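Asker: Here you go, one structure.
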Amino acid sequence: MLIKPVKRIRKNIAIPGDKSISHRAIILSSIADGESKIHNFLMGDDCLNTIKCFRKMGVPIEVNPENIFVKGVGLRGLKKPDEILDVGNSGTTFRLICGILAGQDFETTITGDNSIQGRPMDRIIRPLDQMGAKISGIDNRAPLKIQGSKLKAINYNMPVASAQVKSAILLASLYADSETTIVELEETRDHTERMLNYMGANIQQSGLSIISSPTKKLYAKDIHVPGDISSAAFFMVLGAITKDAEITIENVGLNPTRTGIIDVLKQMGAEIRVYNERILSGEPVANVTVSSSSLKGIEIGGGIIPRLIDEIPVIAVAAAFAEGVTVIRNAEELKIKESNRIKSVVTQLAKIGANIKGTEDGMIIHGTKELKGGKIECYGDHRIAMAFAIAGLVSEEGVTIDDPRCVNISFPNFFNILHGVVQNES
Ligand code: S3P
């Protein structure tokens, strides 16, 4: 697919539901008592795979164009699936479900696609093993066989900053014999904690410590999923780096553990306005307007990294259009995402004309304020495909993306919305 340069960007858009929150809505509603109704659920491949896995464990889930209805089976009501659970490309589905499977009274095998089979799972195996689950897999990678057990509570100091690992432990803690304490390395997204409390659990957060007390049951709820800030990020950057642009993104989830992209764009000098702030199902939401900006290079590292980890590919595109140097460090986790995102971003941005160099834990970009364009490979990685679509719109000759369909993983109507914001007549 060729993405051609654009003259002008104008539009109010709404982006699809948050991926992290959509996964958690299915997972927690499945083990709650009663029927939950989920609004603005993300119909992306990853979240649909979460639905498939819970259906295989006996949870009735009705998918309608507007809403999802989940008839929760209660904490102890899941059934042993007849088949292997297959999460496709979804690391969140894999790691979070392992936390639940650890506490069941049956054995399950769980796997995913080639990318999932190459991603590290020892990060969840270690704590779940300490809690008493028996998990085995060659080299600690998918497929994993999980023998559920009666779980004991643990005190766990997280060796990595990962919301997926934290969430797997929190979900297992629902089945543990007493209070579980987790101490994070850096603060990571807290959607699991928020939704658990919204559904009646008792999770206390204080600084980097999280304490989960045993719960008898979760209560079904109406869950309104906010728009995904990670999807909005592509349009925020597009608004900032296009010469003639103003774009408003409505109903964006602004959980403070996710808003690193806004902090960074503001620090780079972007014209961003956040307004109409409100709370939806326990999560902050607002509208965001971004217009053409003169960006400057900055240093990005430390505690902000987990707050923008998924946005780094498109931040690199913004940095190519900034004045001066942008340095991204402490982002080694990028190497174990859907693709090795340090390698994917650096090799492909260099291919289309950026001055960019990879480092052990990030990248250095010398802004040139222009990109020539060309053909790129996205390694089947949805966020790489979308970041380079944005690059294509502001390039001189356009960018051709080898596998545009992979955007379905997190943002199925990405190209339609992109098409809608573009104005090419003068
Ligand atoms: C996610 C957490 C992050 C993020 C991923 C979704 C989640 O991964 O990169 O896209 O929903 O918990 P880690 O927590 O492993 O960094």
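Identifiers in this document derive from the order of the structure tokens: chains are assigned A, B, ..., residues are numbered from 1 separately in each chain, and ligands are numbered from 1 in order of occurrence.
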Show me which residues sit within 9 Å of ligand 1 when counting only C-alpha atoms and all ligand atoms, and put them as a ChimeraX atom specification.
Answerer: /A:19-24,90-93,95-96,160-167,188-192,230,306,308-310,333-334,336-338
Asker: Keeping C-alpha atoms, export the residues of the selection given above as a tab-separated table (two decimals), in the first residue's frame.
Answerer:
chain	number	residue	atom	x	y	z
A	19	LYS	CA	-6.79	-2.37	23.63
A	20	SER	CA	-5.49	-2.91	27.17
A	21	ILE	CA	-8.84	-2.01	28.72
A	22	SER	CA	-10.85	-4.10	26.20
A	23	HIS	CA	-8.80	-7.21	27.10
A	24	ARG	CA	-9.33	-6.61	30.81
A	90	SER	CA	-1.55	-10.98	21.58
A	91	GLY	CA	1.04	-10.85	24.38
A	92	THR	CA	-1.49	-9.25	26.73
A	93	THR	CA	-3.98	-12.11	26.24
A	95	ARG	CA	0.30	-13.22	29.92
A	96	LEU	CA	-2.93	-12.17	31.64
A	160	VAL	CA	11.00	-5.63	34.94
A	161	ALA	CA	8.59	-2.72	34.46
A	162	SER	CA	5.69	-4.63	32.90
A	163	ALA	CA	1.94	-4.16	33.33
A	164	GLN	CA	1.39	-7.56	31.75
A	165	VAL	CA	3.46	-9.28	34.43
A	166	LYS	CA	1.90	-7.21	37.22
A	167	SER	CA	-1.57	-8.04	35.89
A	188	THR	CA	3.17	0.85	34.69
A	189	ARG	CA	-0.39	1.06	33.38
A	190	ASP	CA	-2.88	0.36	36.17
A	191	HIS	CA	-6.01	-0.63	34.22
A	192	THR	CA	-6.20	-4.03	35.95
A	230	SER	CA	-1.90	4.50	21.75
A	306	PRO	CA	6.53	2.57	30.47
A	308	LEU	CA	4.84	5.66	26.30
A	309	ILE	CA	6.44	2.33	25.43
A	310	ASP	CA	3.98	1.53	22.61
A	333	GLU	CA	11.83	-3.60	26.35
A	334	LEU	CA	11.22	-2.49	22.75
A	336	ILE	CA	10.75	-7.96	22.83
A	337	LYS	CA	7.54	-6.41	21.54
A	338	GLU	CA	5.58	-7.70	18.50
Asker: Extract, using only C-alpha atoms, all DNA, RNA and protein residues at most 12 Å from A:Lys335, discarding same-chain residues fewer than 3 positions from it, and format them as a compact mmCIF listing (two decimals) with all heavy atoms, in the first residue's frame.
Answerer:
# COMPACT_ATOMS: atom_id res chain seq x y z
N SER A 115 5.48 -14.78 16.54
CA SER A 115 5.98 -13.67 17.37
C SER A 115 5.81 -14.04 18.85
O SER A 115 6.74 -13.91 19.64
CB SER A 115 5.23 -12.38 16.99
OG SER A 115 5.20 -11.46 18.05
N GLY A 118 8.26 -16.47 20.22
CA GLY A 118 9.63 -15.95 20.39
C GLY A 118 9.75 -15.00 21.57
O GLY A 118 10.84 -14.55 21.90
N ARG A 119 8.64 -14.65 22.22
CA ARG A 119 8.70 -13.63 23.29
C ARG A 119 8.90 -14.28 24.66
O ARG A 119 8.43 -15.39 24.90
CB ARG A 119 7.42 -12.76 23.25
CG ARG A 119 7.36 -11.93 21.98
CD ARG A 119 6.08 -11.13 21.86
NE ARG A 119 6.03 -10.02 22.80
CZ ARG A 119 5.00 -9.18 22.89
NH1 ARG A 119 3.95 -9.33 22.10
NH2 ARG A 119 5.02 -8.19 23.75
N PRO A 120 9.62 -13.58 25.56
CA PRO A 120 9.95 -14.21 26.85
C PRO A 120 8.72 -14.37 27.74
O PRO A 120 7.93 -13.43 27.89
CB PRO A 120 10.92 -13.21 27.48
CG PRO A 120 10.61 -11.91 26.83
CD PRO A 120 10.13 -12.22 25.44
N ILE A 309 5.66 3.39 26.09
CA ILE A 309 6.44 2.33 25.43
C ILE A 309 5.89 1.98 24.04
O ILE A 309 6.65 1.81 23.09
CB ILE A 309 6.57 1.07 26.33
CG1 ILE A 309 7.55 0.06 25.75
CG2 ILE A 309 5.23 0.42 26.64
CD1 ILE A 309 8.98 0.42 25.90
N ASP A 310 4.56 1.93 23.90
CA ASP A 310 3.98 1.53 22.61
C ASP A 310 3.99 2.67 21.58
O ASP A 310 3.72 2.45 20.40
CB ASP A 310 2.54 1.05 22.81
CG ASP A 310 2.49 -0.27 23.59
OD1 ASP A 310 3.50 -0.98 23.64
OD2 ASP A 310 1.43 -0.57 24.17
N ILE A 312 6.63 4.66 20.99
CA ILE A 312 7.98 5.05 20.56
C ILE A 312 8.16 5.02 19.03
O ILE A 312 8.78 5.93 18.47
CB ILE A 312 9.06 4.25 21.33
CG1 ILE A 312 9.04 4.74 22.79
CG2 ILE A 312 10.45 4.44 20.70
CD1 ILE A 312 10.00 4.04 23.73
N ASN A 330 16.81 3.76 27.94
CA ASN A 330 16.10 2.89 28.92
C ASN A 330 14.88 2.20 28.29
O ASN A 330 13.93 1.88 29.00
CB ASN A 330 15.63 3.67 30.15
CG ASN A 330 16.71 4.55 30.75
OD1 ASN A 330 16.55 5.75 30.87
ND2 ASN A 330 17.82 3.94 31.10
N ALA A 331 14.92 1.98 26.98
CA ALA A 331 13.76 1.40 26.30
C ALA A 331 14.09 0.02 25.73
O ALA A 331 13.59 -0.37 24.67
CB ALA A 331 13.27 2.35 25.22
N GLU A 332 14.93 -0.76 26.44
CA GLU A 332 15.32 -2.08 25.91
C GLU A 332 14.13 -3.02 25.75
O GLU A 332 14.19 -3.95 24.95
CB GLU A 332 16.46 -2.74 26.72
CG GLU A 332 16.29 -2.78 28.23
CD GLU A 332 16.67 -1.47 28.90
OE1 GLU A 332 17.85 -1.22 29.17
OE2 GLU A 332 15.72 -0.69 29.15
N GLU A 338 6.07 -6.90 19.63
CA GLU A 338 5.58 -7.70 18.50
C GLU A 338 6.68 -7.92 17.46
O GLU A 338 6.70 -8.94 16.75
CB GLU A 338 4.36 -7.04 17.87
CG GLU A 338 3.09 -7.16 18.70
CD GLU A 338 2.93 -6.12 19.81
OE1 GLU A 338 3.97 -5.64 20.36
OE2 GLU A 338 1.77 -5.81 20.16
N SER A 339 7.58 -6.94 17.31
CA SER A 339 8.85 -7.16 16.59
C SER A 339 9.92 -6.52 17.46
O SER A 339 9.60 -5.90 18.47
CB SER A 339 8.82 -6.47 15.21
OG SER A 339 8.82 -5.05 15.35
N ASN A 340 11.18 -6.67 17.08
CA ASN A 340 12.24 -5.93 17.77
C ASN A 340 12.11 -4.48 17.29
O ASN A 340 12.55 -4.11 16.21
CB ASN A 340 13.61 -6.50 17.41
CG ASN A 340 14.74 -5.67 18.00
OD1 ASN A 340 14.56 -4.50 18.37
ND2 ASN A 340 15.91 -6.27 18.10
N ARG A 341 11.45 -3.66 18.11
CA ARG A 341 11.08 -2.33 17.62
C ARG A 341 12.24 -1.36 17.55
O ARG A 341 12.12 -0.33 16.90
CB ARG A 341 9.92 -1.76 18.46
CG ARG A 341 8.61 -2.42 18.12
CD ARG A 341 7.42 -1.80 18.83
NE ARG A 341 6.20 -2.49 18.43
CZ ARG A 341 5.08 -2.50 19.14
NH1 ARG A 341 5.02 -1.84 20.29
NH2 ARG A 341 4.02 -3.15 18.71
N ILE A 342 13.38 -1.67 18.21
CA ILE A 342 14.54 -0.79 17.99
C ILE A 342 15.01 -1.03 16.56
O ILE A 342 15.17 -0.11 15.76
CB ILE A 342 15.66 -1.05 19.02
CG1 ILE A 342 15.17 -0.68 20.43
CG2 ILE A 342 16.93 -0.27 18.64
CD1 ILE A 342 16.21 -0.75 21.53
N LYS A 343 15.13 -2.32 16.22
CA LYS A 343 15.62 -2.67 14.88
C LYS A 343 14.61 -2.23 13.81
O LYS A 343 14.99 -1.61 12.80
CB LYS A 343 15.83 -4.18 14.82
CG LYS A 343 16.43 -4.66 13.56
CD LYS A 343 16.83 -6.13 13.67
CE LYS A 343 16.80 -6.74 12.30
NZ LYS A 343 16.00 -7.94 12.21
N SER A 344 13.32 -2.52 14.01
CA SER A 344 12.34 -2.17 12.96
C SER A 344 12.31 -0.67 12.70
O SER A 344 12.32 -0.24 11.56
CB SER A 344 10.91 -2.60 13.31
OG SER A 344 10.86 -3.75 14.07
N VAL A 345 12.29 0.12 13.78
CA VAL A 345 12.18 1.57 13.60
C VAL A 345 13.46 2.12 12.96
O VAL A 345 13.41 2.89 11.99
CB VAL A 345 11.92 2.27 14.96
CG1 VAL A 345 12.07 3.79 14.84
CG2 VAL A 345 10.53 1.93 15.48
N VAL A 346 14.61 1.69 13.50
CA VAL A 346 15.87 2.29 13.04
C VAL A 346 16.14 1.92 11.58
O VAL A 346 16.42 2.80 10.75
CB VAL A 346 17.04 1.85 13.97
CG1 VAL A 346 18.38 2.26 13.38
CG2 VAL A 346 16.85 2.45 15.37
N GLY A 358 20.60 3.17 16.04
CA GLY A 358 20.12 2.37 17.17
C GLY A 358 21.17 2.32 18.27
O GLY A 358 22.37 2.43 18.00
N THR A 359 20.73 2.17 19.51
CA THR A 359 21.65 1.96 20.63
C THR A 359 21.17 0.70 21.36
O THR A 359 20.16 0.11 20.99
CB THR A 359 21.62 3.15 21.61
OG1 THR A 359 20.29 3.26 22.14
CG2 THR A 359 22.00 4.46 20.93
N GLU A 360 21.92 0.29 22.39
CA GLU A 360 21.53 -0.90 23.16
C GLU A 360 20.12 -0.77 23.74
O GLU A 360 19.38 -1.74 23.82
CB GLU A 360 22.53 -1.10 24.31
CG GLU A 360 23.43 -2.32 24.21
CD GLU A 360 22.79 -3.50 23.50
OE1 GLU A 360 21.91 -4.14 24.12
OE2 GLU A 360 23.14 -3.78 22.34
N ASP A 361 19.78 0.44 24.20
CA ASP A 361 18.50 0.58 24.91
C ASP A 361 17.61 1.66 24.30
O ASP A 361 16.76 2.21 24.99
CB ASP A 361 18.75 0.88 26.39
CG ASP A 361 19.43 2.22 26.61
OD1 ASP A 361 19.91 2.82 25.62
OD2 ASP A 361 19.47 2.68 27.76
N GLY A 362 17.79 1.96 23.02
CA GLY A 362 16.92 2.97 22.41
C GLY A 362 17.44 3.41 21.06
O GLY A 362 17.88 2.60 20.24
N MET A 363 17.43 4.72 20.82
CA MET A 363 17.84 5.24 19.51
C MET A 363 18.16 6.73 19.61
O MET A 363 17.73 7.40 20.57
CB MET A 363 16.75 4.99 18.46
CG MET A 363 15.40 5.54 18.85
SD MET A 363 14.04 4.86 17.84
CE MET A 363 13.71 3.29 18.59
Asker: Taking only C-alpha atoms into account, produce a table as a tab-separated table in which each residue of stretch 21-69 of chain A with an atom at most 12 Å from an atom of stretch 277-297 of chain A appears once, together with its shortest atom pair and the distance in Å to one decimal, ordered by chain and rising number.
Answerer:
residue	atom	partner	partner_atom	distance
A:Ile21	CA	A:Glu283	CA	9.5
A:Ala25	CA	A:Ser281	CA	10.7
A:Lys37	CA	A:Ser281	CA	11.8
A:Ile38	CA	A:Ser281	CA	10.4
A:His39	CA	A:Ser281	CA	10.3
A:Asn40	CA	A:Leu280	CA	11.5
Asker: So that I can check the surroundings of A:Gly34, please list as a PDB file with all heavy atoms, in the first residue's frame every protein, DNA and RNA residue that reaches within 12 Å of it, counting only C-alpha atoms and ignoring chain neighbours fewer than 5 positions away.
Answerer:
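And here's result-v4.pdb as it stands now:
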ATOM      1  N   LEU A  28     -12.091  -9.867  33.082  1.00  0.00           N
ATOM      2  CA  LEU A  28     -12.722  -9.700  34.401  1.00  0.00           C
ATOM      3  C   LEU A  28     -14.220  -9.984  34.351  1.00  0.00           C
ATOM      4  O   LEU A  28     -14.775 -10.574  35.282  1.00  0.00           O
ATOM      5  CB  LEU A  28     -12.429  -8.310  34.966  1.00  0.00           C
ATOM      6  CG  LEU A  28     -10.940  -8.052  35.259  1.00  0.00           C
ATOM      7  CD1 LEU A  28     -10.749  -6.708  35.936  1.00  0.00           C
ATOM      8  CD2 LEU A  28     -10.343  -9.150  36.127  1.00  0.00           C
ATOM      9  N   SER A  29     -14.895  -9.605  33.257  1.00  0.00           N
ATOM     10  CA  SER A  29     -16.331  -9.923  33.164  1.00  0.00           C
ATOM     11  C   SER A  29     -16.526 -11.434  33.118  1.00  0.00           C
ATOM     12  O   SER A  29     -17.528 -11.941  33.610  1.00  0.00           O
ATOM     13  CB  SER A  29     -16.957  -9.366  31.894  1.00  0.00           C
ATOM     14  OG  SER A  29     -16.703  -8.028  31.784  1.00  0.00           O
ATOM     15  N   VAL A  59     -17.346 -19.571  28.715  1.00  0.00           N
ATOM     16  CA  VAL A  59     -18.005 -18.297  29.035  1.00  0.00           C
ATOM     17  C   VAL A  59     -18.862 -17.853  27.839  1.00  0.00           C
ATOM     18  O   VAL A  59     -18.339 -17.682  26.736  1.00  0.00           O
ATOM     19  CB  VAL A  59     -16.966 -17.195  29.368  1.00  0.00           C
ATOM     20  CG1 VAL A  59     -17.677 -15.898  29.740  1.00  0.00           C
ATOM     21  CG2 VAL A  59     -16.026 -17.647  30.461  1.00  0.00           C
ATOM     22  N   PRO A  60     -20.187 -17.669  28.038  1.00  0.00           N
ATOM     23  CA  PRO A  60     -21.021 -17.184  26.934  1.00  0.00           C
ATOM     24  C   PRO A  60     -20.740 -15.690  26.669  1.00  0.00           C
ATOM     25  O   PRO A  60     -20.935 -14.863  27.554  1.00  0.00           O
ATOM     26  CB  PRO A  60     -22.457 -17.379  27.440  1.00  0.00           C
ATOM     27  CG  PRO A  60     -22.339 -18.244  28.677  1.00  0.00           C
ATOM     28  CD  PRO A  60     -20.979 -17.977  29.239  1.00  0.00           C
ATOM     29  N   PHE A  69     -21.811  -8.562  25.309  1.00  0.00           N
ATOM     30  CA  PHE A  69     -22.421  -9.045  26.552  1.00  0.00           C
ATOM     31  C   PHE A  69     -21.644 -10.269  27.017  1.00  0.00           C
ATOM     32  O   PHE A  69     -21.459 -11.198  26.241  1.00  0.00           O
ATOM     33  CB  PHE A  69     -23.891  -9.431  26.339  1.00  0.00           C
ATOM     34  CG  PHE A  69     -24.757  -8.227  26.063  1.00  0.00           C
ATOM     35  CD1 PHE A  69     -25.007  -7.804  24.767  1.00  0.00           C
ATOM     36  CD2 PHE A  69     -25.306  -7.510  27.120  1.00  0.00           C
ATOM     37  CE1 PHE A  69     -25.787  -6.685  24.514  1.00  0.00           C
ATOM     38  CE2 PHE A  69     -26.096  -6.398  26.881  1.00  0.00           C
ATOM     39  CZ  PHE A  69     -26.328  -5.976  25.576  1.00  0.00           C
ATOM     40  N   VAL A  70     -21.215 -10.242  28.273  1.00  0.00           N
ATOM     41  CA  VAL A  70     -20.453 -11.369  28.820  1.00  0.00           C
ATOM     42  C   VAL A  70     -21.230 -11.915  30.015  1.00  0.00           C
ATOM     43  O   VAL A  70     -21.486 -11.189  30.970  1.00  0.00           O
ATOM     44  CB  VAL A  70     -19.053 -10.917  29.294  1.00  0.00           C
ATOM     45  CG1 VAL A  70     -18.250 -12.105  29.828  1.00  0.00           C
ATOM     46  CG2 VAL A  70     -18.292 -10.215  28.179  1.00  0.00           C
ATOM     47  N   LYS A  71     -21.601 -13.198  29.935  1.00  0.00           N
ATOM     48  CA  LYS A  71     -22.280 -13.834  31.084  1.00  0.00           C
ATOM     49  C   LYS A  71     -21.189 -14.452  31.955  1.00  0.00           C
ATOM     50  O   LYS A  71     -20.695 -15.551  31.661  1.00  0.00           O
ATOM     51  CB  LYS A  71     -23.229 -14.931  30.603  1.00  0.00           C
ATOM     52  CG  LYS A  71     -24.519 -14.412  30.026  1.00  0.00           C
ATOM     53  CD  LYS A  71     -25.629 -15.476  30.157  1.00  0.00           C
ATOM     54  CE  LYS A  71     -26.974 -14.925  29.787  1.00  0.00           C
ATOM     55  NZ  LYS A  71     -27.200 -14.842  28.337  1.00  0.00           N
ATOM     56  N   GLY A  72     -20.826 -13.722  32.993  1.00  0.00           N
ATOM     57  CA  GLY A  72     -19.724 -14.182  33.848  1.00  0.00           C
ATOM     58  C   GLY A  72     -20.049 -15.504  34.519  1.00  0.00           C
ATOM     59  O   GLY A  72     -21.201 -15.759  34.881  1.00  0.00           O
ATOM     60  N   VAL A  73     -19.005 -16.344  34.670  1.00  0.00           N
ATOM     61  CA  VAL A  73     -19.222 -17.665  35.279  1.00  0.00           C
ATOM     62  C   VAL A  73     -18.722 -17.696  36.722  1.00  0.00           C
ATOM     63  O   VAL A  73     -18.766 -18.726  37.372  1.00  0.00           O
ATOM     64  CB  VAL A  73     -18.533 -18.783  34.452  1.00  0.00           C
ATOM     65  CG1 VAL A  73     -19.152 -18.887  33.070  1.00  0.00           C
ATOM     66  CG2 VAL A  73     -17.019 -18.542  34.355  1.00  0.00           C
ATOM     67  N   GLY A  74     -18.235 -16.550  37.197  1.00  0.00           N
ATOM     68  CA  GLY A  74     -17.728 -16.496  38.582  1.00  0.00           C
ATOM     69  C   GLY A  74     -16.267 -16.918  38.646  1.00  0.00           C
ATOM     70  O   GLY A  74     -15.731 -17.528  37.712  1.00  0.00           O
ATOM     71  N   LEU A  75     -15.628 -16.610  39.764  1.00  0.00           N
ATOM     72  CA  LEU A  75     -14.187 -16.880  39.923  1.00  0.00           C
ATOM     73  C   LEU A  75     -13.847 -18.353  39.719  1.00  0.00           C
ATOM     74  O   LEU A  75     -12.769 -18.678  39.227  1.00  0.00           O
ATOM     75  CB  LEU A  75     -13.739 -16.456  41.329  1.00  0.00           C
ATOM     76  CG  LEU A  75     -13.404 -14.977  41.541  1.00  0.00           C
ATOM     77  CD1 LEU A  75     -13.121 -14.713  43.018  1.00  0.00           C
ATOM     78  CD2 LEU A  75     -12.208 -14.582  40.694  1.00  0.00           C
ATOM     79  N   GLY A  77     -15.795 -20.669  38.030  1.00  0.00           N
ATOM     80  CA  GLY A  77     -16.697 -21.323  37.070  1.00  0.00           C
ATOM     81  C   GLY A  77     -16.100 -21.639  35.710  1.00  0.00           C
ATOM     82  O   GLY A  77     -16.806 -22.172  34.843  1.00  0.00           O
ATOM     83  N   MET A 199     -14.993  -3.461  39.924  1.00  0.00           N
ATOM     84  CA  MET A 199     -15.865  -4.641  39.966  1.00  0.00           C
ATOM     85  C   MET A 199     -15.913  -5.278  41.359  1.00  0.00           C
ATOM     86  O   MET A 199     -16.369  -6.415  41.508  1.00  0.00           O
ATOM     87  CB  MET A 199     -15.420  -5.646  38.903  1.00  0.00           C
ATOM     88  CG  MET A 199     -15.571  -5.062  37.512  1.00  0.00           C
ATOM     89  SD  MET A 199     -14.973  -6.119  36.188  1.00  0.00           S
ATOM     90  CE  MET A 199     -16.366  -7.170  35.921  1.00  0.00           C
ATOM     91  N   LYS A 217     -15.891 -12.563  45.330  1.00  0.00           N
ATOM     92  CA  LYS A 217     -16.419 -12.495  43.964  1.00  0.00           C
ATOM     93  C   LYS A 217     -16.245 -11.107  43.349  1.00  0.00           C
ATOM     94  O   LYS A 217     -16.054 -10.113  44.058  1.00  0.00           O
ATOM     95  CB  LYS A 217     -17.877 -12.913  43.927  1.00  0.00           C
ATOM     96  CG  LYS A 217     -18.850 -12.047  44.669  1.00  0.00           C
ATOM     97  CD  LYS A 217     -20.248 -12.582  44.336  1.00  0.00           C
ATOM     98  CE  LYS A 217     -21.305 -12.001  45.215  1.00  0.00           C
ATOM     99  NZ  LYS A 217     -22.630 -12.525  44.935  1.00  0.00           N
ATOM    100  N   LEU A 218     -16.314 -11.083  42.026  1.00  0.00           N
ATOM    101  CA  LEU A 218     -16.333  -9.816  41.285  1.00  0.00           C
ATOM    102  C   LEU A 218     -17.766  -9.611  40.798  1.00  0.00           C
ATOM    103  O   LEU A 218     -18.467 -10.581  40.500  1.00  0.00           O
ATOM    104  CB  LEU A 218     -15.388  -9.889  40.083  1.00  0.00           C
ATOM    105  CG  LEU A 218     -13.905 -10.132  40.384  1.00  0.00           C
ATOM    106  CD1 LEU A 218     -13.128 -10.286  39.072  1.00  0.00           C
ATOM    107  CD2 LEU A 218     -13.326  -8.979  41.209  1.00  0.00           C
ATOM    108  N   TYR A 219     -18.174  -8.356  40.701  1.00  0.00           N
ATOM    109  CA  TYR A 219     -19.550  -8.043  40.293  1.00  0.00           C
ATOM    110  C   TYR A 219     -19.567  -7.570  38.838  1.00  0.00           C
ATOM    111  O   TYR A 219     -18.768  -6.699  38.461  1.00  0.00           O
ATOM    112  CB  TYR A 219     -20.126  -6.942  41.194  1.00  0.00           C
ATOM    113  CG  TYR A 219     -20.257  -7.406  42.634  1.00  0.00           C
ATOM    114  CD1 TYR A 219     -19.191  -7.284  43.522  1.00  0.00           C
ATOM    115  CD2 TYR A 219     -21.442  -7.989  43.083  1.00  0.00           C
ATOM    116  CE1 TYR A 219     -19.289  -7.731  44.837  1.00  0.00           C
ATOM    117  CE2 TYR A 219     -21.548  -8.436  44.388  1.00  0.00           C
ATOM    118  CZ  TYR A 219     -20.477  -8.309  45.258  1.00  0.00           C
ATOM    119  OH  TYR A 219     -20.580  -8.757  46.555  1.00  0.00           O
ATOM    120  N   ALA A 220     -20.492  -8.118  38.044  1.00  0.00           N
ATOM    121  CA  ALA A 220     -20.640  -7.702  36.644  1.00  0.00           C
ATOM    122  C   ALA A 220     -20.982  -6.212  36.593  1.00  0.00           C
ATOM    123  O   ALA A 220     -21.615  -5.679  37.500  1.00  0.00           O
ATOM    124  CB  ALA A 220     -21.755  -8.511  35.996  1.00  0.00           C
ATOM    125  N   LYS A 221     -20.541  -5.551  35.538  1.00  0.00           N
ATOM    126  CA  LYS A 221     -20.738  -4.096  35.420  1.00  0.00           C
ATOM    127  C   LYS A 221     -20.994  -3.699  33.972  1.00  0.00           C
ATOM    128  O   LYS A 221     -20.687  -4.458  33.051  1.00  0.00           O
ATOM    129  CB  LYS A 221     -19.446  -3.378  35.847  1.00  0.00           C
ATOM    130  CG  LYS A 221     -19.200  -3.379  37.327  1.00  0.00           C
ATOM    131  CD  LYS A 221     -19.891  -2.203  37.960  1.00  0.00           C
ATOM    132  CE  LYS A 221     -19.528  -2.100  39.438  1.00  0.00           C
ATOM    133  NZ  LYS A 221     -20.145  -0.968  40.076  1.00  0.00           N
ATOM    134  N   ASP A 222     -21.447  -2.467  33.795  1.00  0.00           N
ATOM    135  CA  ASP A 222     -21.403  -1.808  32.493  1.00  0.00           C
ATOM    136  C   ASP A 222     -20.015  -1.217  32.382  1.00  0.00           C
ATOM    137  O   ASP A 222     -19.605  -0.469  33.278  1.00  0.00           O
ATOM    138  CB  ASP A 222     -22.406  -0.644  32.501  1.00  0.00           C
ATOM    139  CG  ASP A 222     -23.641  -0.976  31.705  1.00  0.00           C
ATOM    140  OD1 ASP A 222     -23.981  -2.172  31.638  1.00  0.00           O
ATOM    141  OD2 ASP A 222     -24.250  -0.033  31.168  1.00  0.00           O
TER     142      ASP A 222
END
Asker: Could you list, as a count of residues only, every residue within 12 Å of A:Ile125, counting only C-alpha atoms and ignoring same-chain residues fewer than 3 positions away?
Answerer: 32
